[in-house]
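Visitor: Contents of structure.cif (mmCIF, C-alpha atoms and all ligand atoms) are given next:
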data_work
#
loop_
_atom_site.group_PDB
_atom_site.id
_atom_site.type_symbol
_atom_site.label_atom_id
_atom_site.label_comp_id
_atom_site.auth_asym_id
_atom_site.auth_seq_id
_atom_site.Cartn_x
_atom_site.Cartn_y
_atom_site.Cartn_z
ATOM 1 C CA MET A 1 -170.822 77.526 214.835
ATOM 2 C CA LYS A 2 -172.858 74.407 215.510
ATOM 3 C CA THR A 3 -170.333 72.307 217.439
ATOM 4 C CA LEU A 4 -170.247 68.615 218.346
ATOM 5 C CA VAL A 5 -167.815 67.162 220.873
ATOM 6 C CA VAL A 6 -167.152 63.495 220.074
ATOM 7 C CA LEU A 7 -166.147 61.640 223.245
ATOM 8 C CA PRO A 8 -164.947 58.049 222.858
ATOM 9 C CA THR A 9 -165.361 56.002 226.017
ATOM 10 C CA TYR A 10 -164.257 52.621 227.219
ATOM 11 C CA ASN A 11 -164.681 52.076 230.956
ATOM 12 C CA GLU A 12 -164.748 55.754 231.929
ATOM 13 C CA ALA A 13 -167.485 55.481 234.578
ATOM 14 C CA GLU A 14 -165.348 57.431 237.046
ATOM 15 C CA ASN A 15 -164.732 60.314 234.620
ATOM 16 C CA ILE A 16 -167.741 60.661 232.352
ATOM 17 C CA GLU A 17 -169.982 62.847 234.545
ATOM 18 C CA ILE A 18 -167.106 65.176 235.460
ATOM 19 C CA VAL A 19 -166.050 65.607 231.839
ATOM 20 C CA LEU A 20 -169.646 66.249 230.722
ATOM 21 C CA ASP A 21 -170.077 68.856 233.501
ATOM 22 C CA LEU A 22 -166.887 70.636 232.427
ATOM 23 C CA ILE A 23 -167.726 70.574 228.714
ATOM 24 C CA ARG A 24 -171.111 72.126 229.497
ATOM 25 C CA GLN A 25 -169.430 74.732 231.719
ATOM 26 C CA HIS A 26 -166.861 75.778 229.091
ATOM 27 C CA THR A 27 -168.959 75.368 225.926
ATOM 28 C CA PRO A 28 -172.605 75.662 226.985
ATOM 29 C CA THR A 29 -173.950 75.519 223.421
ATOM 30 C CA ALA A 30 -171.947 72.507 222.177
ATOM 31 C CA CYS A 31 -173.619 69.109 221.809
ATOM 32 C CA VAL A 32 -171.836 65.924 222.834
ATOM 33 C CA LEU A 33 -171.771 62.514 221.200
ATOM 34 C CA VAL A 34 -170.439 59.779 223.483
ATOM 35 C CA VAL A 35 -169.193 56.818 221.441
ATOM 36 C CA ASP A 36 -169.114 53.891 223.841
ATOM 37 C CA ASP A 37 -167.849 50.438 222.945
ATOM 38 C CA GLY A 38 -169.985 48.406 225.352
ATOM 39 C CA SER A 39 -168.056 49.501 228.464
ATOM 40 C CA PRO A 40 -168.649 46.798 231.090
ATOM 41 C CA ASP A 41 -168.550 49.472 233.833
ATOM 42 C CA GLY A 42 -171.777 51.085 232.571
ATOM 43 C CA THR A 43 -170.277 54.325 231.183
ATOM 44 C CA ALA A 44 -173.003 54.581 228.504
ATOM 45 C CA ASP A 45 -175.810 54.317 231.072
ATOM 46 C CA ILE A 46 -174.221 57.045 233.198
ATOM 47 C CA ALA A 47 -173.913 59.330 230.147
ATOM 48 C CA GLU A 48 -177.567 58.765 229.249
ATOM 49 C CA GLU A 49 -178.597 59.467 232.826
ATOM 50 C CA TRP A 50 -176.572 62.722 232.736
ATOM 51 C CA SER A 51 -178.349 63.697 229.533
ATOM 52 C CA ARG A 52 -181.776 63.051 231.064
ATOM 53 C CA GLY A 53 -180.871 65.634 233.701
ATOM 54 C CA HIS A 54 -179.076 68.194 231.526
ATOM 55 C CA GLY A 55 -179.814 67.437 227.835
ATOM 56 C CA GLY A 56 -177.527 67.818 224.836
ATOM 57 C CA VAL A 57 -175.795 64.434 224.972
ATOM 58 C CA GLN A 58 -176.350 61.532 222.585
ATOM 59 C CA VAL A 59 -174.827 58.105 223.179
ATOM 60 C CA LEU A 60 -173.760 55.898 220.299
ATOM 61 C CA ARG A 61 -173.587 52.365 221.693
ATOM 62 C CA ARG A 62 -171.345 49.961 219.805
ATOM 63 C CA GLN A 63 -170.732 46.266 220.318
ATOM 64 C CA GLY A 64 -167.381 45.513 221.961
ATOM 65 C CA LYS A 65 -164.094 47.424 222.021
ATOM 66 C CA GLN A 66 -163.268 48.465 218.446
ATOM 67 C CA GLY A 67 -160.517 51.020 219.007
ATOM 68 C CA LEU A 68 -160.197 54.790 219.280
ATOM 69 C CA GLY A 69 -159.864 55.530 215.555
ATOM 70 C CA SER A 70 -162.917 53.457 214.753
ATOM 71 C CA ALA A 71 -164.915 55.285 217.466
ATOM 72 C CA TYR A 72 -163.958 58.692 216.015
ATOM 73 C CA ARG A 73 -164.750 57.610 212.461
ATOM 74 C CA ALA A 74 -168.253 56.565 213.572
ATOM 75 C CA GLY A 75 -168.724 59.757 215.621
ATOM 76 C CA PHE A 76 -167.531 62.070 212.841
ATOM 77 C CA ALA A 77 -169.753 60.354 210.257
ATOM 78 C CA GLN A 78 -172.773 60.861 212.510
ATOM 79 C CA GLY A 79 -171.815 64.488 213.271
ATOM 80 C CA LEU A 80 -171.353 65.357 209.597
ATOM 81 C CA ALA A 81 -174.671 63.718 208.686
ATOM 82 C CA LEU A 82 -176.363 65.870 211.343
ATOM 83 C CA GLY A 83 -174.917 69.067 209.867
ATOM 84 C CA TYR A 84 -172.469 70.207 212.557
ATOM 85 C CA ASP A 85 -169.984 72.929 211.481
ATOM 86 C CA ALA A 86 -167.182 71.975 213.863
ATOM 87 C CA LEU A 87 -166.317 68.536 215.226
ATOM 88 C CA ILE A 88 -164.191 68.157 218.335
ATOM 89 C CA GLU A 89 -162.098 65.158 219.193
ATOM 90 C CA MET A 90 -161.160 64.754 222.854
ATOM 91 C CA ASP A 91 -160.433 62.012 225.399
ATOM 92 C CA SER A 92 -162.986 61.451 228.142
ATOM 93 C CA ASP A 93 -160.425 60.767 230.890
ATOM 94 C CA LEU A 94 -159.808 64.472 231.676
ATOM 95 C CA GLN A 95 -156.276 64.464 230.244
ATOM 96 C CA HIS A 96 -157.699 67.019 227.822
ATOM 97 C CA ASP A 97 -158.850 70.036 229.817
ATOM 98 C CA PRO A 98 -162.290 71.201 228.598
ATOM 99 C CA ALA A 99 -161.198 74.763 229.462
ATOM 100 C CA ALA A 100 -159.196 74.707 226.199
ATOM 101 C CA LEU A 101 -162.297 74.004 224.076
ATOM 102 C CA PRO A 102 -163.129 77.666 223.335
ATOM 103 C CA SER A 103 -159.627 78.354 221.945
ATOM 104 C CA LEU A 104 -159.783 75.301 219.655
ATOM 105 C CA ILE A 105 -163.243 76.227 218.423
ATOM 106 C CA SER A 106 -162.316 79.861 217.827
ATOM 107 C CA ALA A 107 -159.254 78.806 215.771
ATOM 108 C CA VAL A 108 -161.636 76.988 213.410
ATOM 109 C CA ASP A 109 -164.103 79.868 213.530
ATOM 110 C CA ASN A 110 -161.200 82.093 212.382
ATOM 111 C CA GLY A 111 -160.469 79.954 209.330
ATOM 112 C CA ALA A 112 -158.425 76.925 210.384
ATOM 113 C CA ASP A 113 -159.444 73.613 208.805
ATOM 114 C CA LEU A 114 -157.949 71.771 211.749
ATOM 115 C CA ALA A 115 -156.987 73.133 215.170
ATOM 116 C CA ILE A 116 -154.702 70.860 217.198
ATOM 117 C CA GLY A 117 -154.329 71.183 220.960
ATOM 118 C CA SER A 118 -150.543 71.053 221.028
ATOM 119 C CA ARG A 119 -148.091 70.235 223.805
ATOM 120 C CA TYR A 120 -145.100 71.367 221.747
ATOM 121 C CA VAL A 121 -145.805 74.979 220.818
ATOM 122 C CA PRO A 122 -144.959 77.880 223.165
ATOM 123 C CA GLY A 123 -147.404 77.800 226.067
ATOM 124 C CA GLY A 124 -148.015 74.049 225.758
ATOM 125 C CA ALA A 125 -146.957 71.665 228.545
ATOM 126 C CA ILE A 126 -146.924 68.094 229.878
ATOM 127 C CA PRO A 127 -146.163 68.679 233.563
ATOM 128 C CA ASP A 128 -146.507 65.038 234.679
ATOM 129 C CA TRP A 129 -144.358 63.272 232.095
ATOM 130 C CA PRO A 130 -140.752 62.219 232.655
ATOM 131 C CA LYS A 131 -138.378 63.673 230.070
ATOM 132 C CA TYR A 132 -137.854 60.333 228.266
ATOM 133 C CA ARG A 133 -141.597 60.045 227.547
ATOM 134 C CA GLU A 134 -141.701 63.576 226.174
ATOM 135 C CA TYR A 135 -138.709 62.860 223.938
ATOM 136 C CA LEU A 136 -140.378 59.691 222.636
ATOM 137 C CA SER A 137 -143.532 61.627 221.805
ATOM 138 C CA ARG A 138 -141.634 64.562 220.261
ATOM 139 C CA GLY A 139 -139.562 62.015 218.313
ATOM 140 C CA GLY A 140 -142.748 60.500 216.883
ATOM 141 C CA SER A 141 -143.916 63.902 215.637
ATOM 142 C CA LEU A 142 -140.454 64.678 214.240
ATOM 143 C CA TYR A 143 -140.463 61.367 212.355
ATOM 144 C CA ALA A 144 -143.845 62.245 210.834
ATOM 145 C CA ARG A 145 -142.493 65.680 209.838
ATOM 146 C CA LEU A 146 -139.497 64.150 208.118
ATOM 147 C CA MET A 147 -141.288 61.232 206.453
ATOM 148 C CA LEU A 148 -144.448 63.061 205.427
ATOM 149 C CA GLY A 149 -143.433 66.712 205.313
ATOM 150 C CA LEU A 150 -146.157 67.326 207.883
ATOM 151 C CA GLN A 151 -145.624 70.791 209.354
ATOM 152 C CA VAL A 152 -147.049 69.956 212.769
ATOM 153 C CA ARG A 153 -145.179 70.009 216.105
ATOM 154 C CA ASP A 154 -147.592 67.681 217.908
ATOM 155 C CA ALA A 155 -148.861 65.270 215.265
ATOM 156 C CA THR A 156 -150.075 62.605 217.704
ATOM 157 C CA ALA A 157 -152.182 64.925 219.853
ATOM 158 C CA GLY A 158 -155.775 63.799 220.211
ATOM 159 C CA PHE A 159 -157.439 67.052 221.317
ATOM 160 C CA ARG A 160 -158.620 68.730 218.123
ATOM 161 C CA CYS A 161 -161.288 70.638 216.292
ATOM 162 C CA TYR A 162 -162.063 69.915 212.622
ATOM 163 C CA ALA A 163 -163.973 72.219 210.294
ATOM 164 C CA ALA A 164 -166.812 70.197 208.783
ATOM 165 C CA PRO A 165 -166.142 71.202 205.135
ATOM 166 C CA MET A 166 -162.609 69.776 205.456
ATOM 167 C CA LEU A 167 -163.621 66.685 207.405
ATOM 168 C CA SER A 168 -166.301 65.870 204.851
ATOM 169 C CA GLN A 169 -163.653 65.779 202.092
ATOM 170 C CA ILE A 170 -161.865 62.914 203.862
ATOM 171 C CA ASP A 171 -163.096 59.408 203.123
ATOM 172 C CA LEU A 172 -163.348 58.177 206.712
ATOM 173 C CA ASP A 173 -163.857 54.572 205.597
ATOM 174 C CA ALA A 174 -160.407 54.731 203.967
ATOM 175 C CA VAL A 175 -158.737 55.889 207.213
ATOM 176 C CA THR A 176 -157.234 52.783 208.752
ATOM 177 C CA ALA A 177 -155.121 53.622 211.817
ATOM 178 C CA ASP A 178 -156.393 53.433 215.360
ATOM 179 C CA GLY A 179 -154.195 55.106 217.947
ATOM 180 C CA TYR A 180 -151.404 57.670 217.468
ATOM 181 C CA GLY A 181 -151.403 56.620 213.811
ATOM 182 C CA PHE A 182 -155.002 57.782 213.504
ATOM 183 C CA GLN A 183 -154.063 61.291 214.643
ATOM 184 C CA ILE A 184 -151.162 61.463 212.184
ATOM 185 C CA GLU A 185 -153.244 59.997 209.344
ATOM 186 C CA MET A 186 -155.987 62.590 209.845
ATOM 187 C CA ALA A 187 -153.549 65.535 210.067
ATOM 188 C CA TYR A 188 -151.797 64.247 206.934
ATOM 189 C CA ALA A 189 -155.131 63.945 205.116
ATOM 190 C CA VAL A 190 -155.899 67.597 205.931
ATOM 191 C CA ALA A 191 -152.405 68.786 204.939
ATOM 192 C CA ARG A 192 -152.517 66.923 201.599
ATOM 193 C CA ARG A 193 -155.746 68.685 200.741
ATOM 194 C CA GLY A 194 -154.077 72.034 201.355
ATOM 195 C CA GLY A 195 -155.926 72.528 204.631
ATOM 196 C CA ARG A 196 -154.798 75.124 207.144
ATOM 197 C CA ILE A 197 -153.612 73.511 210.385
ATOM 198 C CA VAL A 198 -153.233 75.674 213.496
ATOM 199 C CA GLU A 199 -151.678 74.499 216.765
ATOM 200 C CA VAL A 200 -153.159 75.897 219.962
ATOM 201 C CA PRO A 201 -151.143 75.407 223.190
ATOM 202 C CA ILE A 202 -152.604 73.011 225.762
ATOM 203 C CA CYS A 203 -151.505 71.518 229.063
ATOM 204 C CA PHE A 204 -151.746 67.697 228.906
ATOM 205 C CA THR A 205 -151.959 66.141 232.370
ATOM 206 C CA ASP A 206 -151.834 62.520 233.531
ATOM 207 C CA ARG A 207 -154.915 60.421 234.084
ATOM 208 C CA VAL A 208 -156.195 60.628 237.680
ATOM 209 C CA ARG A 209 -159.149 58.171 237.554
ATOM 210 C CA GLY A 210 -159.740 54.982 235.571
ATOM 211 C CA THR A 211 -157.194 52.971 233.623
ATOM 212 C CA SER A 212 -155.266 53.539 230.406
ATOM 213 C CA LYS A 213 -156.094 51.536 227.270
ATOM 214 C CA MET A 214 -152.820 52.490 225.600
ATOM 215 C CA SER A 215 -150.739 49.627 224.222
ATOM 216 C CA GLY A 216 -147.379 49.059 222.578
ATOM 217 C CA ARG A 217 -149.271 47.842 219.503
ATOM 218 C CA ILE A 218 -150.504 51.394 218.909
ATOM 219 C CA ILE A 219 -146.944 52.769 218.807
ATOM 220 C CA VAL A 220 -145.806 50.058 216.384
ATOM 221 C CA GLU A 221 -148.880 50.672 214.204
ATOM 222 C CA ALA A 222 -148.027 54.390 213.962
ATOM 223 C CA LEU A 223 -144.363 53.741 213.132
ATOM 224 C CA VAL A 224 -145.152 51.195 210.427
ATOM 225 C CA LEU A 225 -147.882 53.340 208.854
ATOM 226 C CA VAL A 226 -145.854 56.582 208.812
ATOM 227 C CA THR A 227 -142.950 54.711 207.217
ATOM 228 C CA TRP A 228 -145.289 53.226 204.592
ATOM 229 C CA TRP A 229 -147.028 56.542 203.796
ATOM 230 C CA GLY A 230 -143.665 58.284 203.473
ATOM 231 C CA LEU A 231 -142.290 55.638 201.113
ATOM 232 C CA ARG A 232 -145.523 55.512 199.136
ATOM 233 C CA ASP A 233 -145.842 59.274 198.646
ATOM 234 C CA ARG A 234 -142.242 60.502 198.573
ATOM 235 C CA VAL A 235 -140.407 57.595 196.988
ATOM 236 C CA LEU A 236 -142.959 55.631 194.950
ATOM 237 C CA HIS A 237 -145.264 58.631 194.319
ATOM 238 C CA ARG A 238 -148.244 56.328 194.517
ATOM 239 C CA GLY A 239 -150.400 58.087 197.101
ATOM 240 C CA ARG A 240 -153.686 59.515 195.951
ATOM 241 C CA VAL A 241 -154.667 62.924 197.314
ATOM 242 C CA VAL A 242 -158.351 62.361 196.591
ATOM 243 C CA ASP A 243 -159.552 59.099 198.177
HETATM 244 N N1 LIG B 301 -165.071 53.947 222.163
HETATM 245 C C1 LIG B 301 -163.810 53.626 222.469
HETATM 246 N N2 LIG B 301 -163.077 54.471 223.235
HETATM 247 C C2 LIG B 301 -161.802 54.117 223.545
HETATM 248 C C3 LIG B 301 -161.207 52.913 223.094
HETATM 249 N N3 LIG B 301 -159.928 52.859 223.558
HETATM 250 C C4 LIG B 301 -159.742 53.990 224.281
HETATM 251 N N4 LIG B 301 -160.878 54.738 224.293
HETATM 252 C C5 LIG B 301 -161.077 56.060 224.920
HETATM 253 O O1 LIG B 301 -160.153 56.924 224.280
HETATM 254 C C6 LIG B 301 -159.613 57.858 225.203
HETATM 255 C C7 LIG B 301 -158.088 57.738 225.248
HETATM 256 O O2 LIG B 301 -157.722 56.455 225.737
HETATM 257 P P1 LIG B 301 -156.579 56.241 226.850
HETATM 258 O O3 LIG B 301 -156.595 54.829 227.278
HETATM 259 O O4 LIG B 301 -156.744 57.262 227.920
HETATM 260 O O5 LIG B 301 -155.287 56.472 225.993
HETATM 261 P P2 LIG B 301 -154.193 57.582 226.124
HETATM 262 O O6 LIG B 301 -154.787 58.842 226.686
HETATM 263 O O7 LIG B 301 -153.502 57.651 224.813
HETATM 264 O O8 LIG B 301 -153.197 56.928 227.156
HETATM 265 P P3 LIG B 301 -152.896 57.339 228.675
HETATM 266 O O9 LIG B 301 -152.009 58.558 228.603
HETATM 267 O O10 LIG B 301 -152.161 56.160 229.209
HETATM 268 O O11 LIG B 301 -154.212 57.589 229.362
HETATM 269 C C8 LIG B 301 -160.309 57.586 226.523
HETATM 270 O O12 LIG B 301 -161.412 58.448 226.620
HETATM 271 C C9 LIG B 301 -160.760 56.138 226.393
HETATM 272 O O13 LIG B 301 -161.886 55.818 227.179
HETATM 273 C C10 LIG B 301 -162.017 52.043 222.280
HETATM 274 O O14 LIG B 301 -161.600 50.966 221.832
HETATM 275 N N5 LIG B 301 -163.285 52.447 221.998
HETATM 276 MG MG MG B 302 -155.712 58.896 228.469
#
For this file, write the structure as structure tokens.
Guide:
Amino acid sequence: MKTLVVLPTYNEAENIEIVLDLIRQHTPTACVLVVDDGSPDGTADIAEEWSRGHGGVQVLRRQGKQGLGSAYRAGFAQGLALGYDALIEMDSDLQHDPAALPSLISAVDNGADLAIGSRYVPGGAIPDWPKYREYLSRGGSLYARLMLGLQVRDATAGFRCYAAPMLSQIDLDAVTADGYGFQIEMAYAVARRGGRIVEVPICFTDRVRGTSKMSGRIIVEALVLVTWWGLRDRVLHRGRVVD
């Protein structure tokens, strides 16, 4: 399968070369699209320099920080237009171990429409998190299961592989969420189209270099959106399956 790894970056100068090295090591034939939102620390320049030495990396430079969901929407649109068969979503801060890439890709190669790198299936782990943080995250996925009927243990996970024929059915311009909500919205879009979702166990570690861009706003956004989608589709029956 022709595979594209979409890597969103905002101030990941300390991580970008390491993550590119590891992606190349674990998936030598995959191409990479770095989607950088004008990182002041020069992440985009470092990625381009890496590509001059090794090849296989494109950098999409955008003006100013526009959010994770927006970066993935732009990256997926470009990947689909270029004819990739499988599109990977992964963080560039090394919290997603590139060693898990082959298992995500092979799940899609074996017929999944979406493979999710999951912390909450047997074999998955989050060794660095305190219990309360794990419960909060599990609670978020449970809420999405109850509200949306989404049969996914780790609905907010951001390490994934999409099959292009499924991704191309989703109107990316109509996807609105940015953080955890973006992950749930995309999984829900696949599930509502009857797509096959497979969860592959991963170990999700804490960030070692660089700083987090996570915010409370992202959690509130996800809660509000999941509540709205659930009411819209299960109570008002107003949701449209085809965008
Ligand atoms: N292009 C782009 N990338 C972003 C933006 N916000 C975050 N990112 C990248 O998205 C990935 C995930 O962001 P993080 O800040 O690590 O968020 P997180 O992993 O949910 O939170 P932590 O566990 O605290 O690290 C990283 O690779 C970031 O560089 C953005 O606005 N634009
Ligand atoms: Mg992170």
Visitor: Using the chain letters and numbering of this document, enumerate as an MDAnalysis selection string the residues selected by the PyMOL selection byres (((not hetatm)) within 7 of (chain B and resi 301)).
Guide: chainID A and resid 7:12 35:37 65:68 71 91:93 95 206:207 211:214
Visitor: Expressed in Å to a single decimal, how great is the separation between CA of Leu150 in chain A and CA of Ala100 in chain A?
Guide: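 Answer for the CA of Leu150 in chain A to CA of Ala100 in chain A separation: 23.7 Å.
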Visitor: If you count all atoms listed in the file, which residues fall within 7 Å of range 110-121 of chain A, apart from same-chain ones fewer than 4 positions away, as a list in words?
Guide: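 What passes the distance filter is Leu104, Ser106, Ala125, Ile126, Arg153, Asp154, Ala157, Phe159, Arg160, Cys161, Tyr162, Ala163, Met166, Gly195, Arg196, Ile197, Val198, Glu199, Val200, Pro201, Ile202, Cys203 and Phe204 of chain A.
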Visitor: Please write as a short mmCIF file (atom, residue, chain, number, x, y, z; two decimals) with C-alpha atoms, in the frame of the given file the full residue list that the PyMOL selection byres (((chain A and resi 63) around 6) and not hetatm) yields on this file.
Guide:
data_model
loop_
_atom_site.label_atom_id
_atom_site.label_comp_id
_atom_site.auth_asym_id
_atom_site.auth_seq_id
_atom_site.Cartn_x
_atom_site.Cartn_y
_atom_site.Cartn_z
CA ASP A 37 -167.85 50.44 222.94
CA GLY A 38 -169.98 48.41 225.35
CA ARG A 62 -171.34 49.96 219.80
CA GLY A 64 -167.38 45.51 221.96
#
Visitor: Using only C-alpha atoms, give me every residue within 9 Å of (-164.1, 82.6, 225.0) in file coordinates, as an mmCIF file with C-alpha atoms, keeping the file's coordinate frame.
Guide:
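And here is the file that came out, selection_4.cif:
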data_model
loop_
_atom_site.group_PDB
_atom_site.id
_atom_site.type_symbol
_atom_site.label_atom_id
_atom_site.label_comp_id
_atom_site.auth_asym_id
_atom_site.auth_seq_id
_atom_site.Cartn_x
_atom_site.Cartn_y
_atom_site.Cartn_z
ATOM 1 C CA HIS A 26 -166.861 75.778 229.091
ATOM 2 C CA THR A 27 -168.959 75.368 225.926
ATOM 3 C CA LEU A 101 -162.297 74.004 224.076
ATOM 4 C CA PRO A 102 -163.129 77.666 223.335
ATOM 5 C CA SER A 103 -159.627 78.354 221.945
ATOM 6 C CA SER A 106 -162.316 79.861 217.827
#
Visitor: Could you tell me how far CA of Ser39 in chain A lies from CA of Ala13 in chain A, in Å and to one decimal?
Guide: 8.6 Å
Visitor: Mind telling me what the PyMOL selection byres (((chain A and resi 16) around 9) and not hetatm) catches here, as a ChimeraX atom specification?
Guide: /A:9,12-15,17-21,43-44,46-47,92-94
Visitor: One decimal, in Å: what's the spacing between CA of Val175 in chain A and CA of Ala99 in chain A?
Guide: 29.3 Å
Visitor: Write out as a Markdown table a residue-level contact list of range 117-189 of chain A versus range 77-83 of chain A with cut-off 10 Å: for each qualifying residue the closest pair of atoms and the distance in Å to one decimal, counting only C-alpha atoms, rows sorted by chain and residue number upward.
Guide:
| residue | atom | partner | partner_atom | distance |
| --- | --- | --- | --- | --- |
| A:Ala164 | CA | A:Leu80 | CA | 6.7 |
| A:Pro165 | CA | A:Leu80 | CA | 9.0 |
| A:Leu167 | CA | A:Leu80 | CA | 8.1 |
| A:Ser168 | CA | A:Leu80 | CA | 7.0 |
| A:Asp171 | CA | A:Ala77 | CA | 9.8 |
| A:Leu172 | CA | A:Ala77 | CA | 7.6 |
| A:Asp173 | CA | A:Ala77 | CA | 9.5 |
Visitor: With only C-alpha atoms as the atoms that count, which of A:Arg232, A:Arg73, A:His96, A:Arg24 lies nearest to His54 in chain A?
Guide: A:Arg24
Visitor: Nearest to ligand MG 302 (chain B): which of A:Ile88, A:Val208, A:Val5, A:Leu22 is it, counting all atoms listed in the file?
Guide: A:Val208
Visitor: Taking the structure in the block just given, could you write range 38-51 of chain A with N, CA and C atoms, as an mmCIF file, in the first residue's frame?
Guide:
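File written: part-v7.cif
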data_model
loop_
_atom_site.group_PDB
_atom_site.id
_atom_site.type_symbol
_atom_site.label_atom_id
_atom_site.label_comp_id
_atom_site.auth_asym_id
_atom_site.auth_seq_id
_atom_site.Cartn_x
_atom_site.Cartn_y
_atom_site.Cartn_z
ATOM 1 N N GLY A 38 3.687 27.378 10.962
ATOM 2 C CA GLY A 38 4.576 28.519 11.182
ATOM 3 C C GLY A 38 5.303 28.456 12.509
ATOM 4 N N SER A 39 5.769 27.263 12.897
ATOM 5 C CA SER A 39 6.465 27.120 14.196
ATOM 6 C C SER A 39 7.598 28.133 14.319
ATOM 7 N N PRO A 40 7.555 28.989 15.342
ATOM 8 C CA PRO A 40 8.638 29.968 15.505
ATOM 9 C C PRO A 40 10.006 29.326 15.751
ATOM 10 N N ASP A 41 10.031 28.063 16.205
ATOM 11 C CA ASP A 41 11.325 27.428 16.510
ATOM 12 C C ASP A 41 11.984 26.791 15.285
ATOM 13 N N GLY A 42 11.394 27.002 14.089
ATOM 14 C CA GLY A 42 12.043 26.536 12.864
ATOM 15 C C GLY A 42 11.846 25.064 12.544
ATOM 16 N N THR A 43 10.808 24.433 13.099
ATOM 17 C CA THR A 43 10.566 23.000 12.852
ATOM 18 C C THR A 43 10.504 22.696 11.347
ATOM 19 N N ALA A 44 9.813 23.545 10.580
ATOM 20 C CA ALA A 44 9.629 23.274 9.148
ATOM 21 C C ALA A 44 10.970 23.263 8.416
ATOM 22 N N ASP A 45 11.849 24.189 8.776
ATOM 23 C CA ASP A 45 13.176 24.238 8.131
ATOM 24 C C ASP A 45 13.964 22.966 8.441
ATOM 25 N N ILE A 46 13.871 22.506 9.671
ATOM 26 C CA ILE A 46 14.610 21.293 10.069
ATOM 27 C C ILE A 46 14.075 20.087 9.283
ATOM 28 N N ALA A 47 12.741 20.022 9.128
ATOM 29 C CA ALA A 47 12.153 18.901 8.377
ATOM 30 C C ALA A 47 12.598 18.943 6.917
ATOM 31 N N GLU A 48 12.648 20.128 6.337
ATOM 32 C CA GLU A 48 13.088 20.237 4.940
ATOM 33 C C GLU A 48 14.558 19.855 4.799
ATOM 34 N N GLU A 49 15.345 20.251 5.762
ATOM 35 C CA GLU A 49 16.769 19.896 5.763
ATOM 36 C C GLU A 49 16.927 18.372 5.842
ATOM 37 N N TRP A 50 16.111 17.748 6.704
ATOM 38 C CA TRP A 50 16.156 16.270 6.851
ATOM 39 C C TRP A 50 15.832 15.632 5.502
ATOM 40 N N SER A 51 14.823 16.186 4.834
ATOM 41 C CA SER A 51 14.403 15.615 3.554
ATOM 42 C C SER A 51 15.481 15.774 2.486
#
